[in-house]
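All remarks here apply to the structure that follows.
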Amino acid sequence: MRKILYNFCACLLVLTLSFIGLTGCSNEENKINTEQNSVSYVEREDFQNFLGDYYNIVKVKNGYYFFENMKLYYFDTETKDTYPVCSKPNCNHKGDCTAFFNIFSFYPFQLSYYNNSLYVLGWEQEGNNLRHNYIYEVSLDNYKRKKAAYLFDSTASTDSVVFIIHRGYVYFLRGGSGKLEETTDYLYRVKLGNTNKKDDAERIYEFSGIGASVNGLKASGNNIIVSNSCYGDTEGNHYETSYNLINIHSLETKRIAGKETYYLFANENNIYYENGTDTVNCINLDTNEETFFCNIDGPAYISADSKYIYFDNIQAIYIGKTDKKDRKILVYDKEGNYITEIVPKNPKDDCYFGGDDVMIFKERIAGETTTTDSSDNEAKRYYVLDKTQLTSPVKQFMDME
């Protein structure tokens, strides 16, 4: 009897120690690091600024996740397969489905990534008018969702909210008032993991002016990048914009570009921006030295990966400066040398610049809708270009299937 009791206690002790060990590992994996001080890009902790400004696509180790028509899809860059993240047979991907994000509870038009999880804006409804707004974490192991950060309460829609996750914090904008009067707009942040509704978000930056707006939220290294905009008078004249760097540790602010700047991209120590619509300059953040980089037919969106800088002239088409038949994405190396150009299938197709592996495009065909009720067809609006073809004279797009 004593021997049996001894064996039972020994087994119980082993199980207890194993449980403690597993719990310790779990806590370590979920630890949020807000003290990261690297100037260079940190893969699992930094906002993926290289993708572009659409914010509904993220890169993971062997693929990309993206939202389409309220469903979460995965594109596998190794197998080239694309599918909604659901394992149920014959599922219509609505209602109780891991791939489906109901617009009455979530805003499936923005997506962010941090440490092996996806993050999406959502809310809890209280009564008819009150919303408790949160960032929800989506596990990449089972696609279950849980609250990850409380943002604020509201009585209206949250479709003007823009958020990113960078180095342990959720940074977000709530959208300006839109009124032509003296107003103040703010940039907020909350620590990822803090879901306490009693804690107000921290205001880390503010801008005042007539019709003041803080927008263009991005991040790189130890800096958050925002643009300010306002008017010169209450009649809507003299619209001006400027770009600012905000240090995430000291919260010191530095103005880096003025009203002639259309677009800006920060990448480690350098900032590339349009000085006017046709000239791109480069600012070294260590020395503050500004040098000429290249000439383009802009205005253009700017992005970069580890090898190349990309300039997409779609905005020049939207404002009528360039004919749609001339849509192209110019590719330069980091020394400012022209490499090649990429012409999307259709003049107004969206471009997600991607990492070092692929560029992803979404078709925008005049007269046709970009989504459908058939989940089998939704992802076919997307196509990719393997970046190993960038220096090849012949480039072939691959449709997502």
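We name chains A, B, ... following the order of the structure tokens; residues begin at 1 in each chain, and ligands are numbered from 1 as shown.
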
*Leaving out Asp399 (chain A) and any residue of its chain fewer than 6 positions from it, which residues lie within 12 Å of it when counting only C-alpha atoms, given as an NGL selection string?*
:A and (75 or 80-82 or 345 or 359-363 or 377-386)

*Shell of 6 Å around region 212-217 of chain A, only C-alpha atoms, local chain residues under 5 positions omitted, as a list in words*: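 Here the answer would be Gly176, Thr183, Thr184, Asp185, Ile225, Val226, Ser227, Asn228, Ser229 and Cys230 of chain A.
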
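Shell of Glu268 (chain A) at 7 Å, with only C-alpha atoms counted and residues fewer than 4 places along the chain excluded, is Val39, Ser40, Tyr41, Ser220 and Gly221 of chain A.
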
_Within 12 Å of Thr98 (chain A) using only C-alpha atoms, minus same-chain residues under 2 positions, as a PyMOL selection string_ = chain A and resi 70-73+84-88+91-96+100-102+138-145

*asked:* Report as JSON, numbers by chain all protein, DNA and RNA residues lying within 7 Å of Ile309 (chain A), evaluated on only C-alpha atoms, omitting residues in the same chain fewer than 4 positions from it.
replied: {"A": [303, 304, 305, 331, 332, 333, 334]}

*Nearest to Phe265 (chain A) by atom-to-atom distance, counting only C-alpha atoms, from A:Val394, A:Ile302, A:Leu251, A:Ile165*: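 Smallest separation from Phe265 (chain A) among the options: A:Ile302.
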
_Under the rule that only C-alpha atoms are counted, which of A:Glu181, A:Thr253, A:Ile32, A:Phe50 is the nearest residue to Tyr301 (chain A)?_
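Selected residue with least distance to Tyr301 (chain A): A:Phe50.
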
*Got a sec: who's within 7 Å of Asn269 (chain A), counting only C-alpha atoms, leaving out chain neighbours fewer than 6 positions off, as a PyMOL selection string?*
chain A and resi 284-286
